[in-house]
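Structure first, commentary second.
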There are 2 protein chains.
Amino acid sequence: MSRQCKVLLNDDEMPRQWYNIQADLPHPLPPPVDKEGKPIGPQALAPVFPMNLIEQEVSTQRWIDIPEAVIEKLLLYRPSPLCRAYAFEKALKTPAKIYYKNEGVSPAGSHKPNTAIAQAYYNKEFGIKRLTTETGAGQWGSALAMACKLFGLACKVYMVRISFEQKPFRKMMMNTWGAECIASPSNQTNAGRAILAKTPDTPGSLAMAISEAIEDAVTSKDTRYSLGSVLNHVLLHQTIIGLEAQKQFQKIGAYPDVVIGCVGGGSNFAGISFPFICDKIHGKKVRIMAVEPAACPTLTRGPFVYDSGDVAMMTPLLAMHSLGHTFVPRPIHAGGLRYHGMAPLVSHVMREGLMEACAINQLECYRSAVMWAHTEGFIPAPETSHAIAAAAQEAIRAREEGKETTILLNWSGHGLMDLTGYEKFLTGKMVDATLSEDDLGKSLQSLAGLPQPPEL
Amino acid sequence: MSRQCKVLLNDDEMPRQWYNIQADLPHPLPPPVDKEGKPIGPQALAPVFPMNLIEQEVSTQRWIDIPEAVIEKLLLYRPSPLCRAYAFEKALKTPAKIYYKNEGVSPAGSHKPNTAIAQAYYNKEFGIKRLTTETGAGQWGSALAMACKLFGLACKVYMVRISFEQKPFRKMMMNTWGAECIASPSNQTNAGRAILAKTPDTPGSLAMAISEAIEDAVTSKDTRYSLGSVLNHVLLHQTIIGLEAQKQFQKIGAYPDVVIGCVGGGSNFAGISFPFICDKIHGKKVRIMAVEPAACPTLTRGPFVYDSGDVAMMTPLLAMHSLGHTFVPRPIHAGGLRYHGMAPLVSHVMREGLMEACAINQLECYRSAVMWAHTEGFIPAPETSHAIAAAAQEAIRAREEGKETTILLNWSGHGLMDLTGYEKFLTGKMVDATLSEDDLGKSLQSLAGLPQPPEL
C-alpha cells in the first residue's frame, strides 16, 4: 500500500451550511459608519447590494444554510481535495507534515467561485439582471464572469490596469464566460475620468476599480455591485473551505498545529481559518497565520482605523487595518493581494488576539513557489506563493526544533494564468518592493479627519 | 440529498497495473519495418528509447505493474474524477446521460502527465540524464517538462512553430518546470535547417519537430527521445484513465453505451477506450468513437499504410492510418491533433472493426466548447472540444430517438493555456479548414515506394 496523498470528500459530504464567525466573537464587530461616525443601516447599502446579501452581511446566526441551487453549482468542482505535500516536505528536509487544501481545482482556478456562485445566485433571486465588479489579478473577475453565466446574469469587470496589461489571457477567459472586461481606471465612469485626469500613468489599484464598479452599479438599471473579498458575507461563503478541511482531518484522525493563508482582502484566509478559529475560541490549541506581501503590509504595518474601501470614498467607512484608501501598492505580481484595507472580520479577529500575521517579500515567495512546482507539480498563483513561503518557514523551524508540526495551508489557486511573473523571476528580472516608511506615511494622511473605531 | 455529480476514487483505489490491449487483439499488430519492409528488432530502437520502454513497446503481457515510484507521482493528481455533465445535458435538452473523465486536474492540465511520469521514470532507471521531445499545442511538452523535473532529468522541447507563437505562455510553463523550449523547425538540428532552407515560412508540424528531437537525442550524450503519443507503451500508460472509469461506473452501477475521445496521435483516446474495447472483445456491447479534426482526418480519410512517424523518416515505418509524412495540416487551434499519422494500435483496432471514427470542423467544436464552459464551468482544451462536439451529436440523436443513452467522454484537458482560440471564435475571426482532396492527394504522394502492410 502506498502512502495516502489525498483526503477526499464525496458530493454528499460537502458542508450544507456556512459558518458565521460573528456568532462567536468575544466582542461584537464595530459597525460600518458614515464620515461623521454614525452607524450605517442596511437600507443605505441597498443601491449597491441586494437586500438578501445585506441581511447576510449583518447576520449573527452561527450556521447559514447553503441554498440548493448554490450547492448544485459548487458541486461542479467541490469538495476540493486535502493533499499532503510529501515531496515538498522532503525537499525542505522537515519532520513537519504539510497539508494543502487545493482550491485550484475550480474552473476559474482559485477559491473565488465559492462566493461568486453564491452572490450571483442571491442577486438573481432578488431580480437583478447585471453585476459589476473590480478585479486585481483577474482571479475574482473570471470567477464572477463564470458564476454570472451559470445563473444567466450579465457581468462587467473593471480590471486593475497593471494586471490587465500583464495578464491578457484573463480578459479572454472572462470573455469566454460572456463577461465584458476593461482596464481601470477607465474613461467610462466619473471616478475613472477624475483619476486619469490627475494621474494618467497610474498602474491602477483595487480601490480605484471598486469606485468605478460601484458608480456603474448605482447608475445602471437592474444592476448591483459584487465584491470578491473584504465583506462579511463574502468571507462567510468561503468558510466552506475550512469546514471541508475539518471533515478531512477528522477522516485521518489529525488536526493542524498551524493554519496558514495569504491575505489581500482576506477571503481565502478567512475561508480556511474561521472554522478553526471557532475551535480556538472554544478551547482548541491552534495557531492561525495570515501572510501578506511586504509591498502591501496591511495587517503588520497598517493601523486599525475607520477607512473607506475605495479611493473615491463611495463605500461606508469600515473598521479595519488599512494603509489608507489612497494607497497605490508597487506593481508586484500577486495582484490579488494589492489592497489597502483588510476585511473587518479579519482585522477584528486580529485585534482579539486570535491570529497572527507576517509579511514576506515576493522574491522569497517565488523561490518557494518554484520549489513547490518542482516537487508537487502544481504551479501556484503568486498570491498562494505567500502561504507556501510561510509554510516553508514554519517547516524549517520545525526541522530546527525537531518537531513534527502539522501545517495546513490554503492553496488558494494555480498560477497558469500568471506565468509572466515566473518568467521574470526565472530570468532574474524580479525585484522586491518592500513598502518604505515614507510612502506609508504619505498614504496614511488620507485617514486624517476620519472617525476612530471604539477600543475593544 | 442533492444528485451525485462526481464519482471519486480514493488513492488506494487507483489501478496498480496498466492494461495492454496487445494481449487481446484478434489479429497480431503488424510489426514496425524498415524501408525494405523488413521487421525492425528492439535493438534498432536502442539509440532512441531506453531498453525498458522498448520491452514494454513489444510486450504482449495483458497486465503490466505500475512501478511504486510512478504511482507516487501519479497520486499527486490521480485518480481523476468521473463527473456527470447535468447542466450540459440540460442545455441540449437530451435524455442522454453524459459522463466525463476530467483529466484537466493534472498540474499540466491534461492527460499527458500519465505517460510523461512513466517515461521519465523508466529513462531515469536506465541511467538516462536528459530527454528530448516535440510538442504541438504544448500539452505534451509541459507534461514532460514537469515529469523530468520530478525525477531530476534535463529536458528539451521542440515546439511546433505555429503553436509556439500562438501560445507564448506554454514556453514559460515549461521553463518554470526547468525545461528548455524552442520553436521548430529550428536551426539547431540538421533536420530543422534542411526544412528551413526549403520552406522558411512553414508553420511547422509535429512530424518536423519529431525529426529534430530524435536527431538531438541520438547525437547527444546520455540522452533519449520521448514521444507523447502514437507508440504502444505511451498508449499503455494512458489506460489508467479507462481503468479508473470502469471502477467508477461500477460504483454507480452503470456502464456507457458509447465511449468518445478525440484523436491526434491517439493516446487519450486509447487511454479511455482500450479497457472498454477489452470488454467489447469479450462480448460486452459498447460503441467506441474516435473524433478527429476535419483539417487532419487521419482515420476517416487516410489510408492504412506503412509510413514514417516523422518528416525526415528517422523513425521506423509503422503500420497505421496516415495522411503521408509530408502532410502539413492547416493551422487550426487544436495543435495536439495536427498529426499526419495515427497510433498503430488505434489504427489496428479500427481495422478490426472494434471502433468507429468521425471528423468534425473546428467551428462546430468551439460552439460545443463554449456551451460546455457556459454550463459546466470548465473551459475545454481545443482538442477536447472535438470529443465534446461528438458527445453533443450523440446526445441530440438520443433526444431525437428518445433514448437514455449513457455517454462517456474523455475530457482530456482544460483550455486555460489556449484562450487565443476562444478569442478568435468569439470575435468571429475563426474559419474552418477542411482538408481538400487536392491537398490530400499531394500529401499521399510521399507514401510512394513504401512497403504495404499485410492484409488482416
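If you're wondering about the labels, chains in the C-alpha cells are A, B, ... by order shown, residues count from 1 in each chain, ligands from 1 in order shown.
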
*For A:Ile332, please output as JSON, numbers by chain all residues within 8 Å (counting only C-alpha atoms; exclusion window: fewer than 6 positions along the same chain).*
{"A": [295, 338, 362, 433]}

*Residue set, stretch 190-328 of chain B restricted to strand (DSSP E or B), as a PyMOL selection string*: chain B and resi 223-225+258-262+287-293+304-308+317-322

*Check every residue of chain A for an atom within 8 Å of chain B, counting only C-alpha atoms, and provide those that qualify as an NGL selection string.*
:A and (1-2 or 4-8 or 10-12 or 68 or 71-72 or 75-76 or 105-108 or 146 or 149-150 or 169 or 172-173 or 175-177 or 370 or 373-379 or 416-417 or 419-420 or 422-423 or 426)

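Relative to atom CA of A:Lys35, atom CA of A:Ser443 is found at 18.4 Å.
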
_Those of stretch 111-287 of chain A in DSSP alpha helix (DSSP H), formatted as a ChimeraX atom specification_ = /A:113-125,139-151,161-166,168-176,190-198,206-219,232-238,240-251,267-281

*asked:* Applying 7 Å and only C-alpha atoms, which residues near A:Met320 remain after dropping the ones on its own chain fewer than 4 positions away? List them as a list in words.
replied: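 Answer for this query is Phe304, Val305, Tyr306, Gly341, Met342, Ala343, Pro344 and Ser347 of chain A.
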
*Between B:Thr133, B:Leu299, B:Val263, B:Ser186, which one has atoms that come closest to B:Arg351, using only C-alpha atoms?*
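Using only C-alpha atoms, the shortest distance to B:Arg351 belongs to B:Leu299.
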
_With only C-alpha atoms as the counted atoms, please give the residues lying no more than 12 Å from stretch 51-65 of chain A, apart from itself and same-chain residues fewer than 4 positions off, as a ChimeraX atom specification._
/A:15-25,28-32,40-47,69-71,115,118-128,224-227,230-237,239-240,243,274-275,278,344-345

_If we count only C-alpha atoms and set the cut-off at 12 Å, which residues sit around B:Arg193, ignoring sequence neighbours fewer than 4 positions away in its own chain? Please answer as a PyMOL selection string._
chain B and resi 184-189+197-200+208-209+211-212+215+312

_Non-local contacts of B:Arg397 (12 Å; only C-alpha atoms; under 4 positions in same chain excluded) as a list in words_ = Leu92, Lys93, Thr94, Pro95, Ala96, Ala390, Ala391, Ala392, Gln393, Glu401, Gly402, Lys403, Glu404, Thr405 and Ile407 of chain B

Output C-alpha atoms of each residue in that selection to a file, as a PDB file, in the first residue's frame.
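Saved to again21.pdb:
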ATOM      1  CA  LEU B  92     -29.020  20.068 -25.019  1.00  0.00           C
ATOM      2  CA  LYS B  93     -32.482  19.013 -23.756  1.00  0.00           C
ATOM      3  CA  THR B  94     -31.342  15.415 -24.033  1.00  0.00           C
ATOM      4  CA  PRO B  95     -32.396  12.320 -22.113  1.00  0.00           C
ATOM      5  CA  ALA B  96     -28.803  11.082 -22.565  1.00  0.00           C
ATOM      6  CA  ALA B 390     -19.241  14.402 -30.863  1.00  0.00           C
ATOM      7  CA  ALA B 391     -20.893  13.787 -27.486  1.00  0.00           C
ATOM      8  CA  ALA B 392     -23.327  16.608 -28.257  1.00  0.00           C
ATOM      9  CA  GLN B 393     -24.144  14.980 -31.606  1.00  0.00           C
ATOM     10  CA  GLU B 401     -34.706   8.789 -30.739  1.00  0.00           C
ATOM     11  CA  GLY B 402     -35.983   9.237 -27.183  1.00  0.00           C
ATOM     12  CA  LYS B 403     -33.193   7.088 -25.748  1.00  0.00           C
ATOM     13  CA  GLU B 404     -31.433   7.438 -22.376  1.00  0.00           C
ATOM     14  CA  THR B 405     -28.021   6.735 -23.926  1.00  0.00           C
ATOM     15  CA  ILE B 407     -22.189   8.641 -22.963  1.00  0.00           C
TER      16      ILE B 407
END

*Any idea what the distance is between atom CA of B:Lys90 and atom CA of B:Ala395?*
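Atom CA of B:Ala395 lies 10.5 Å from atom CA of B:Lys90.
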